[in-house]
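Below is one structure, written out as structure tokens; comments come after it.
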2 protein chains.
Amino acid sequence: MIAKSVEEERRQKAAFLLGVPKPGEAPLDALLVGSLMNVRYLTGFTGSNAWLLLYREGQAKLFTDPRYAVQSKQQANCRIRIAKGPLTKSVVPEIARSGVKRIGFEQDRITVAQFEALRKDLPSRAQLVPVSGLIEKLRMVKDEGEIALVRKSVAINSQALEAALKRLKTGMSESDLAAEIDYRSRVFGADGPSFDTIVAAGARAALPHAHPGAARIEPGMVLIDMGAFHEGYASDMTRMVYLGEADAKYKRAYKAVLEAQLAAIDAVKAGVTTNAVDRAARDTLKAHGLEREFVHSTGHGLGLEIHEPPRIGRKDKTKLEAGMAITIEPGVYIEGWGGIRIEDTVLVTANGCEILTPTGKELREL
Amino acid sequence: MIAKSVEEERRQKAAFLLGVPKPGEAPLDALLVGSLMNVRYLTGFTGSNAWLLLYREGQAKLFTDPRYAVQSKQQANCRIRIAKGPLTKSVVPEIARSGVKRIGFEQDRITVAQFEALRKDLPSRAQLVPVSGLIEKLRMVKDEGEIALVRKSVAINSQALEAALKRLKTGMSESDLAAEIDYRSRVFGADGPSFDTIVAAGARAALPHAHPGAARIEPGMVLIDMGAFHEGYASDMTRMVYLGEADAKYKRAYKAVLEAQLAAIDAVKAGVTTNAVDRAARDTLKAHGLEREFVHSTGHGLGLEIHEPPRIGRKDKTKLEAGMAITIEPGVYIEGWGGIRIEDTVLVTANGCEILTPTGKELREL
């Protein structure tokens, strides 16, 4: 017996979900997958233009364009249609031919224009049903192969930080340090950064999503938020370094954020809801009088994308499951002064979690 | 008198277009801009989560989240709303308060789920009107400041190629060469690559959008497709190098593609339609018996995005205008053998075009 590929198994799980409708709804006959990452997850195809039509019986057809004629055959072990022109033009006849009636579509990925292009040409018996997060839900819990890739991604990321920090000097520009980080990361085996590397020195660290610029890194705090993709899987880490001797205000804030981060990590465990993890970080910062300076959520899932469900925020009630890979990253931001964030990638386990990020979190002065 | 910012001028032009409806339609009272790049073009804001509501009278309100509270104030000179939760939740009350009736929305950017979230809460007098490419149309023709940034981006890109090629050696992996390219590009002033750098050696060059992998670069052809972003503006170039002495088949194919590229460049001129430019490339390859191996279109506009209108393909009839920045990039791909593509970034002028890419196109053996 030939073993099924991991992608075939995923398609089978997804197809099964099509037959398990929400109460009061009929099952779906097929799902039109419009998210490239969901297509990748279900087929292995990594091209930049693709839809997948997945049938409840488990068959699947991939639609892409002539640029990917060779690559799609190499990567995807399902039927493939090389479409000329918009993918909608090829998907509609396939839906018509197959005779399916209830076709789910990814409403968070398909644009209004794409939807209209589909709707207007579909046979009248076919009905488009909005679907949210169905494949993303499967993707939340990582399998062994995925966890191995996240581990490797995290290791590369930490290696790259150390290599880049060896080259950090007062007067270097933020963007040159970011370039070092990205280069080291690639040399250590990353496909590329999993998001635009953030290097924010001094008061610029008050911008949680600062872009590294021509600004010189002067003595003081430096916030570094970086991630790698390794064979498609993301890592994510934030570390602070202080050029020179840290002052008392920085030390106090650093200690508070680290305490909050550790409290949130302590709260992580299969069965716990994500808002409880967020609350652990938020309550700790509150005890330090810093809860208003914590302007974002505590973390997010990651995998094929740098931001995936679950969100770990105040209002999110996803129950954690063993095998989820998530970030824990509380931070405080004070306009005109700077900001502090500490972030690890962690793996949820039955009894708690494993911190995947190997880089230490002691206050670091360079 | 205080001079208007370039973004204010762009908003004014865009607002003017709202008052010039298609025949048989009423003017729009406002436009909900959902594309981040359109938001950046109209406000200067570079955050990763934003919508802009632009009124026909020219006022504008930017919606983003608390992560960008500081940055949005620094970058955008319009009203700003820091929204907690989904942006739809803040946009709807603004629309209700303002009393506007016909609100255009970017149907190619807004997802079905976002549309539904807007629609269900809007006052009944408000009507959402699908709009396509309105801001993109303005963006097609670059102003002097934008052209200067594209020029700089192109220069960085060519510099980076030369610096990286100095390090190219037989046995190096594709991904290590890609890492060199990206690093040099950053050091020379790029914000980052404008797309995932393509390095494809030997038969892998048959994949027009190959991802550089662990494969070693052996004697033979190497296709390098690379671009930089500089202050947000893209460049795009493809060059071939041959490690060792090129054989006759490679030389013939290279000559054919170069001829096609030069023919297309010759055809570029304000007033010419884009399909005529595509035809010039295609006809030349046909004369060489290679038209079936040319599986994509001849080029595309670029600017804040690496792919922008106009498309330069067989069926595209956009009239070129002076100030458009476009790529010209015919290629041929032969499974099992390899592929050849040659690409420049060019600026359309009244009488022809200026080739911005300074890198030579002679057949290059290393």
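Just remember, in the structure tokens the first chain shown is A, the second B, etc., residues are 1-based per chain, and ligands are 1-based in the order shown.
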
Leaving out Met140 of chain A and any residue of its chain fewer than 4 positions from it, which residues lie within 10 Å of it when counting only C-alpha atoms, given as a compact mmCIF listing (two decimals) with all heavy atoms, in the first residue's frame?
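Final file, result_10.txt:
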# COMPACT_ATOMS: atom_id res chain seq x y z
N ILE A 135 -10.04 26.08 6.86
CA ILE A 135 -8.71 25.48 6.68
C ILE A 135 -7.75 26.03 7.75
O ILE A 135 -6.90 25.31 8.28
CB ILE A 135 -8.16 25.75 5.26
CG1 ILE A 135 -9.17 25.30 4.19
CG2 ILE A 135 -6.81 25.07 5.06
CD1 ILE A 135 -9.49 23.84 4.21
N GLU A 136 -7.91 27.30 8.08
CA GLU A 136 -7.07 27.92 9.11
C GLU A 136 -7.22 27.17 10.44
O GLU A 136 -6.27 27.09 11.21
CB GLU A 136 -7.45 29.40 9.30
CG GLU A 136 -6.98 30.34 8.20
CD GLU A 136 -7.88 30.34 6.97
OE1 GLU A 136 -8.84 29.54 6.91
OE2 GLU A 136 -7.60 31.14 6.06
N GLY A 301 -0.83 32.95 16.67
CA GLY A 301 -0.30 31.73 16.08
C GLY A 301 0.62 32.04 14.92
O GLY A 301 0.60 33.16 14.38
N LEU A 302 1.45 31.10 14.57
CA LEU A 302 2.29 31.25 13.38
C LEU A 302 2.56 29.88 12.78
O LEU A 302 2.38 28.86 13.44
CB LEU A 302 3.57 32.04 13.68
CG LEU A 302 4.79 31.33 14.26
CD1 LEU A 302 5.92 32.35 14.43
CD2 LEU A 302 4.48 30.72 15.60
N GLY A 303 2.93 29.88 11.52
CA GLY A 303 3.15 28.63 10.79
C GLY A 303 3.53 29.01 9.37
O GLY A 303 4.56 29.61 9.15
N GLU A 308 -1.25 33.89 12.23
CA GLU A 308 -2.29 32.89 12.01
C GLU A 308 -3.15 32.84 13.27
O GLU A 308 -2.72 33.27 14.33
CB GLU A 308 -1.66 31.49 11.85
CG GLU A 308 -0.83 31.31 10.61
CD GLU A 308 -0.40 29.85 10.42
OE1 GLU A 308 -0.74 29.00 11.25
OE2 GLU A 308 0.28 29.58 9.42
N PRO A 309 -4.33 32.28 13.16
CA PRO A 309 -5.08 32.01 14.38
C PRO A 309 -4.29 30.98 15.22
O PRO A 309 -3.55 30.18 14.64
CB PRO A 309 -6.38 31.40 13.88
CG PRO A 309 -6.44 31.68 12.41
CD PRO A 309 -5.05 31.88 11.95
N PRO A 310 -4.45 30.96 16.52
CA PRO A 310 -5.33 31.84 17.29
C PRO A 310 -4.66 33.19 17.60
O PRO A 310 -3.45 33.30 17.60
CB PRO A 310 -5.51 31.06 18.60
CG PRO A 310 -4.20 30.37 18.78
CD PRO A 310 -3.75 30.00 17.39
N LEU A 320 -6.62 26.64 23.72
CA LEU A 320 -5.32 26.18 23.24
C LEU A 320 -5.31 24.66 23.12
O LEU A 320 -5.93 23.97 23.94
CB LEU A 320 -4.20 26.64 24.18
CG LEU A 320 -3.91 28.15 24.17
CD1 LEU A 320 -2.88 28.50 25.25
CD2 LEU A 320 -3.41 28.61 22.80
N GLU A 321 -4.60 24.16 22.10
CA GLU A 321 -4.45 22.71 21.91
C GLU A 321 -2.98 22.38 21.77
O GLU A 321 -2.20 23.19 21.25
CB GLU A 321 -5.19 22.25 20.65
CG GLU A 321 -6.69 22.38 20.72
CD GLU A 321 -7.36 21.99 19.41
OE1 GLU A 321 -7.11 20.87 18.94
OE2 GLU A 321 -8.11 22.81 18.87
N ALA A 322 -2.63 21.19 22.22
CA ALA A 322 -1.25 20.73 22.05
C ALA A 322 -0.92 20.73 20.57
O ALA A 322 -1.72 20.30 19.75
CB ALA A 322 -1.09 19.34 22.65
N GLY A 323 0.26 21.26 20.23
CA GLY A 323 0.67 21.33 18.83
C GLY A 323 0.49 22.69 18.20
O GLY A 323 0.91 22.93 17.08
N MET A 324 -0.14 23.62 18.93
CA MET A 324 -0.22 24.99 18.41
C MET A 324 1.13 25.68 18.62
O MET A 324 1.74 25.54 19.68
CB MET A 324 -1.30 25.78 19.14
CG MET A 324 -2.71 25.38 18.75
SD MET A 324 -3.91 26.40 19.66
CE MET A 324 -5.44 25.88 18.86
N ALA A 325 1.56 26.41 17.62
CA ALA A 325 2.77 27.23 17.76
C ALA A 325 2.32 28.68 17.84
O ALA A 325 1.61 29.16 16.95
CB ALA A 325 3.69 27.03 16.56
N ILE A 326 2.69 29.36 18.93
CA ILE A 326 2.20 30.73 19.15
C ILE A 326 3.33 31.62 19.64
O ILE A 326 4.37 31.13 20.09
CB ILE A 326 1.05 30.76 20.19
CG1 ILE A 326 1.53 30.21 21.55
CG2 ILE A 326 -0.15 29.95 19.70
CD1 ILE A 326 0.49 30.34 22.66

Practice item. Considering only C-alpha atoms, extract the chain B residues located within 8 Å of chain A and return them as a VMD selection string. Key: chain B and resid 47 66 to 68 70 to 71 107 to 115 175 to 176 179 to 180 182 to 183 186 to 187 191 206 to 210 295 to 296 335

Check your understanding: Can you tell me how far atom CA of Thr327 of chain B sits from atom CA of Asn157 of chain B, in Å to one decimal?
Key ->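 According to the coordinates, atom CA of Thr327 of chain B and atom CA of Asn157 of chain B are separated by 13.9 Å.
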
Exercise for review: Compile the contact shell of segment 274-283 of chain A as a list in words: residues with an atom at most 7 Å away, counting only C-alpha atoms, same-chain residues fewer than 2 positions apart removed.
Suggested key: Ala260, Gln261, Ala263, Ala264, Ala267, Val268, Val272, Leu285, Lys286, Ala287, Glu291, Ser297, Thr298, Ile312, Gly313, Arg314, Lys315, Asp316, Lys317, Thr318, Lys319, Leu320 and Pro330 of chain A

**Study point:** strand (DSSP E) residues, from DSSP on the backbone, in segment 65-265 of chain B, as JSON, numbers by chain
**Key:** {"B": [79, 80, 81, 82, 102, 103, 104, 105, 106, 127, 128, 129, 130, 131, 192, 193, 198, 199, 200, 201, 220, 221, 222, 223, 224, 225, 226, 228, 229, 230, 233, 234, 237, 238, 239, 240, 241, 242, 243]}

Give me every helix (DSSP H, G or I) residue in segment 90-120 of chain A, going by DSSP on the backbone, as a PDB file with N, CA, C and O atoms, in the first residue's frame.
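This is the output file part_9.pdb:
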ATOM      1  N   SER A  90     -11.830  29.753 -15.293  1.00  0.00           N
ATOM      2  CA  SER A  90     -11.645  28.302 -15.375  1.00  0.00           C
ATOM      3  C   SER A  90     -12.375  27.564 -14.265  1.00  0.00           C
ATOM      4  O   SER A  90     -12.741  26.407 -14.423  1.00  0.00           O
ATOM      5  N   VAL A  91     -12.550  28.252 -13.143  1.00  0.00           N
ATOM      6  CA  VAL A  91     -13.205  27.606 -12.006  1.00  0.00           C
ATOM      7  C   VAL A  91     -14.691  27.408 -12.298  1.00  0.00           C
ATOM      8  O   VAL A  91     -15.263  26.359 -11.987  1.00  0.00           O
ATOM      9  N   VAL A  92     -15.322  28.401 -12.911  1.00  0.00           N
ATOM     10  CA  VAL A  92     -16.767  28.318 -13.162  1.00  0.00           C
ATOM     11  C   VAL A  92     -17.134  27.091 -14.001  1.00  0.00           C
ATOM     12  O   VAL A  92     -18.016  26.313 -13.600  1.00  0.00           O
ATOM     13  N   PRO A  93     -16.482  26.847 -15.160  1.00  0.00           N
ATOM     14  CA  PRO A  93     -16.834  25.637 -15.925  1.00  0.00           C
ATOM     15  C   PRO A  93     -16.599  24.343 -15.136  1.00  0.00           C
ATOM     16  O   PRO A  93     -17.381  23.391 -15.267  1.00  0.00           O
ATOM     17  N   GLU A  94     -15.568  24.319 -14.317  1.00  0.00           N
ATOM     18  CA  GLU A  94     -15.307  23.119 -13.506  1.00  0.00           C
ATOM     19  C   GLU A  94     -16.465  22.879 -12.527  1.00  0.00           C
ATOM     20  O   GLU A  94     -16.925  21.758 -12.358  1.00  0.00           O
ATOM     21  N   ILE A  95     -16.920  23.953 -11.900  1.00  0.00           N
ATOM     22  CA  ILE A  95     -18.055  23.830 -10.976  1.00  0.00           C
ATOM     23  C   ILE A  95     -19.296  23.360 -11.741  1.00  0.00           C
ATOM     24  O   ILE A  95     -20.024  22.471 -11.293  1.00  0.00           O
ATOM     25  N   ALA A  96     -19.507  23.939 -12.920  1.00  0.00           N
ATOM     26  CA  ALA A  96     -20.677  23.578 -13.720  1.00  0.00           C
ATOM     27  C   ALA A  96     -20.617  22.097 -14.104  1.00  0.00           C
ATOM     28  O   ALA A  96     -21.595  21.364 -13.954  1.00  0.00           O
ATOM     29  N   ARG A  97     -19.455  21.655 -14.591  1.00  0.00           N
ATOM     30  CA  ARG A  97     -19.280  20.267 -15.034  1.00  0.00           C
ATOM     31  C   ARG A  97     -19.507  19.277 -13.898  1.00  0.00           C
ATOM     32  O   ARG A  97     -20.087  18.216 -14.081  1.00  0.00           O
ATOM     33  N   SER A  98     -19.002  19.657 -12.721  1.00  0.00           N
ATOM     34  CA  SER A  98     -19.035  18.693 -11.613  1.00  0.00           C
ATOM     35  C   SER A  98     -20.435  18.541 -11.024  1.00  0.00           C
ATOM     36  O   SER A  98     -20.711  17.573 -10.334  1.00  0.00           O
ATOM     37  N   VAL A 112     -14.686  41.127  -3.313  1.00  0.00           N
ATOM     38  CA  VAL A 112     -16.028  41.350  -3.839  1.00  0.00           C
ATOM     39  C   VAL A 112     -16.020  41.179  -5.357  1.00  0.00           C
ATOM     40  O   VAL A 112     -16.929  40.567  -5.937  1.00  0.00           O
ATOM     41  N   ALA A 113     -14.980  41.662  -6.027  1.00  0.00           N
ATOM     42  CA  ALA A 113     -14.920  41.555  -7.490  1.00  0.00           C
ATOM     43  C   ALA A 113     -14.804  40.098  -7.931  1.00  0.00           C
ATOM     44  O   ALA A 113     -15.456  39.684  -8.899  1.00  0.00           O
ATOM     45  N   GLN A 114     -14.003  39.316  -7.227  1.00  0.00           N
ATOM     46  CA  GLN A 114     -13.880  37.891  -7.577  1.00  0.00           C
ATOM     47  C   GLN A 114     -15.200  37.167  -7.364  1.00  0.00           C
ATOM     48  O   GLN A 114     -15.618  36.350  -8.180  1.00  0.00           O
ATOM     49  N   PHE A 115     -15.832  37.489  -6.244  1.00  0.00           N
ATOM     50  CA  PHE A 115     -17.120  36.872  -5.942  1.00  0.00           C
ATOM     51  C   PHE A 115     -18.133  37.161  -7.052  1.00  0.00           C
ATOM     52  O   PHE A 115     -18.834  36.267  -7.524  1.00  0.00           O
ATOM     53  N   GLU A 116     -18.185  38.415  -7.472  1.00  0.00           N
ATOM     54  CA  GLU A 116     -19.150  38.784  -8.519  1.00  0.00           C
ATOM     55  C   GLU A 116     -18.831  38.065  -9.826  1.00  0.00           C
ATOM     56  O   GLU A 116     -19.736  37.627 -10.544  1.00  0.00           O
ATOM     57  N   ALA A 117     -17.528  37.925 -10.131  1.00  0.00           N
ATOM     58  CA  ALA A 117     -17.135  37.237 -11.370  1.00  0.00           C
ATOM     59  C   ALA A 117     -17.563  35.777 -11.327  1.00  0.00           C
ATOM     60  O   ALA A 117     -17.975  35.210 -12.344  1.00  0.00           O
ATOM     61  N   LEU A 118     -17.479  35.151 -10.160  1.00  0.00           N
ATOM     62  CA  LEU A 118     -17.929  33.774 -10.005  1.00  0.00           C
ATOM     63  C   LEU A 118     -19.447  33.687 -10.117  1.00  0.00           C
ATOM     64  O   LEU A 118     -19.999  32.903 -10.887  1.00  0.00           O
ATOM     65  N   ARG A 119     -20.097  34.519  -9.330  1.00  0.00           N
ATOM     66  CA  ARG A 119     -21.547  34.430  -9.180  1.00  0.00           C
ATOM     67  C   ARG A 119     -22.282  34.603 -10.514  1.00  0.00           C
ATOM     68  O   ARG A 119     -23.194  33.855 -10.833  1.00  0.00           O
ATOM     69  N   LYS A 120     -21.813  35.573 -11.291  1.00  0.00           N
ATOM     70  CA  LYS A 120     -22.591  35.905 -12.474  1.00  0.00           C
ATOM     71  C   LYS A 120     -22.572  34.786 -13.529  1.00  0.00           C
ATOM     72  O   LYS A 120     -23.501  34.674 -14.319  1.00  0.00           O
TER      73      LYS A 120
END

Just the residues within 12 Å of Ala148 of chain A, please, counting only C-alpha atoms, with nothing from its chain fewer than 5 positions along; format it as an mmCIF file with N, CA, C and O atoms, in the first residue's frame.
data_model
loop_
_atom_site.group_PDB
_atom_site.id
_atom_site.type_symbol
_atom_site.label_atom_id
_atom_site.label_comp_id
_atom_site.auth_asym_id
_atom_site.auth_seq_id
_atom_site.Cartn_x
_atom_site.Cartn_y
_atom_site.Cartn_z
ATOM 1 N N LYS A 142 -0.266 22.042 14.600
ATOM 2 C CA LYS A 142 0.794 21.618 13.680
ATOM 3 C C LYS A 142 1.094 20.130 13.845
ATOM 4 O O LYS A 142 1.080 19.604 14.965
ATOM 5 N N ASP A 143 1.406 19.484 12.716
ATOM 6 C CA ASP A 143 1.829 18.091 12.796
ATOM 7 C C ASP A 143 3.340 18.026 13.047
ATOM 8 O O ASP A 143 4.022 19.055 13.080
ATOM 9 N N SER A 153 13.303 26.863 12.017
ATOM 10 C CA SER A 153 13.152 28.284 11.715
ATOM 11 C C SER A 153 13.552 29.139 12.928
ATOM 12 O O SER A 153 14.271 30.134 12.811
ATOM 13 N N VAL A 154 13.097 28.719 14.093
ATOM 14 C CA VAL A 154 13.402 29.420 15.341
ATOM 15 C C VAL A 154 14.913 29.382 15.617
ATOM 16 O O VAL A 154 15.519 30.384 16.023
ATOM 17 N N ALA A 155 15.532 28.224 15.360
ATOM 18 C CA ALA A 155 16.970 28.081 15.609
ATOM 19 C C ALA A 155 17.773 29.011 14.687
ATOM 20 O O ALA A 155 18.699 29.701 15.126
ATOM 21 N N HIS A 230 11.518 29.175 7.145
ATOM 22 C CA HIS A 230 12.360 28.056 6.746
ATOM 23 C C HIS A 230 11.460 27.003 6.118
ATOM 24 O O HIS A 230 10.531 26.528 6.769
ATOM 25 N N GLU A 231 11.702 26.698 4.862
ATOM 26 C CA GLU A 231 10.809 25.825 4.090
ATOM 27 C C GLU A 231 9.355 26.208 4.331
ATOM 28 O O GLU A 231 8.503 25.359 4.565
ATOM 29 N N GLY A 232 9.126 27.501 4.323
ATOM 30 C CA GLY A 232 7.772 28.014 4.421
ATOM 31 C C GLY A 232 7.276 28.280 5.825
ATOM 32 O O GLY A 232 6.241 28.914 6.001
ATOM 33 N N TYR A 233 8.002 27.835 6.851
ATOM 34 C CA TYR A 233 7.495 27.967 8.223
ATOM 35 C C TYR A 233 8.189 29.091 8.985
ATOM 36 O O TYR A 233 9.413 29.243 8.936
ATOM 37 N N ALA A 234 7.379 29.847 9.707
ATOM 38 C CA ALA A 234 7.822 31.094 10.322
ATOM 39 C C ALA A 234 8.333 30.912 11.740
ATOM 40 O O ALA A 234 7.920 30.001 12.469
ATOM 41 N N SER A 235 9.233 31.794 12.113
ATOM 42 C CA SER A 235 9.603 32.001 13.506
ATOM 43 C C SER A 235 9.410 33.487 13.795
ATOM 44 O O SER A 235 9.244 34.289 12.870
ATOM 45 N N GLY A 303 2.930 29.881 11.518
ATOM 46 C CA GLY A 303 3.147 28.632 10.790
ATOM 47 C C GLY A 303 3.529 29.007 9.371
ATOM 48 O O GLY A 303 4.563 29.608 9.154
ATOM 49 N N GLY A 323 0.256 21.264 20.226
ATOM 50 C CA GLY A 323 0.670 21.327 18.833
ATOM 51 C C GLY A 323 0.489 22.695 18.205
ATOM 52 O O GLY A 323 0.911 22.926 17.078
ATOM 53 N N ALA A 325 1.563 26.413 17.617
ATOM 54 C CA ALA A 325 2.769 27.231 17.756
ATOM 55 C C ALA A 325 2.318 28.682 17.840
ATOM 56 O O ALA A 325 1.609 29.162 16.948
ATOM 57 N N LEU A 347 5.574 26.392 21.869
ATOM 58 C CA LEU A 347 4.752 25.279 21.398
ATOM 59 C C LEU A 347 3.855 24.828 22.541
ATOM 60 O O LEU A 347 4.341 24.499 23.633
ATOM 61 N N LEU A 356 10.288 27.537 22.390
ATOM 62 C CA LEU A 356 11.145 27.101 21.286
ATOM 63 C C LEU A 356 12.345 28.031 21.106
ATOM 64 O O LEU A 356 13.425 27.596 20.744
#

Review point. Mind pulling up the distance from atom CA of Phe195 of chain A to atom CA of Ser158 of chain A?
Key: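 The value is 15.2 Å.
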
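Residues in contact with Glu365 of chain B at 6 Å, where only C-alpha atoms are counted and same-chain residues fewer than 6 positions away are skipped, are listed as Val241, Tyr242 and Leu243 of chain B.
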
Check your understanding: In Å, how far is it from atom CA of Thr345 of chain B to atom CA of Thr357 of chain B?
Key ->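 We find that atom CA of Thr345 of chain B and atom CA of Thr357 of chain B lie 5.7 Å from each other.
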
Study note, to complete from the structure: Using only C-alpha atoms, the best pick from B:Gly220, B:Gly244, B:Gly58, B:Pro123 as closest to Trp337 of chain B would be B:Gly220

Exercise for review: Go through B:Arg311, B:Arg125, B:Lys255, B:Arg56 and flag the residue nearest Leu32 of chain B, using only C-alpha atoms for the distances.
Suggested key: B:Arg56

Exercise for review: Go through A:Ala270, A:Ile103, A:Met240, A:Ala350 and flag the residue nearest Gly19 of chain A, using only C-alpha atoms for the distances.
Suggested key: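 Closest candidate: A:Ile103.
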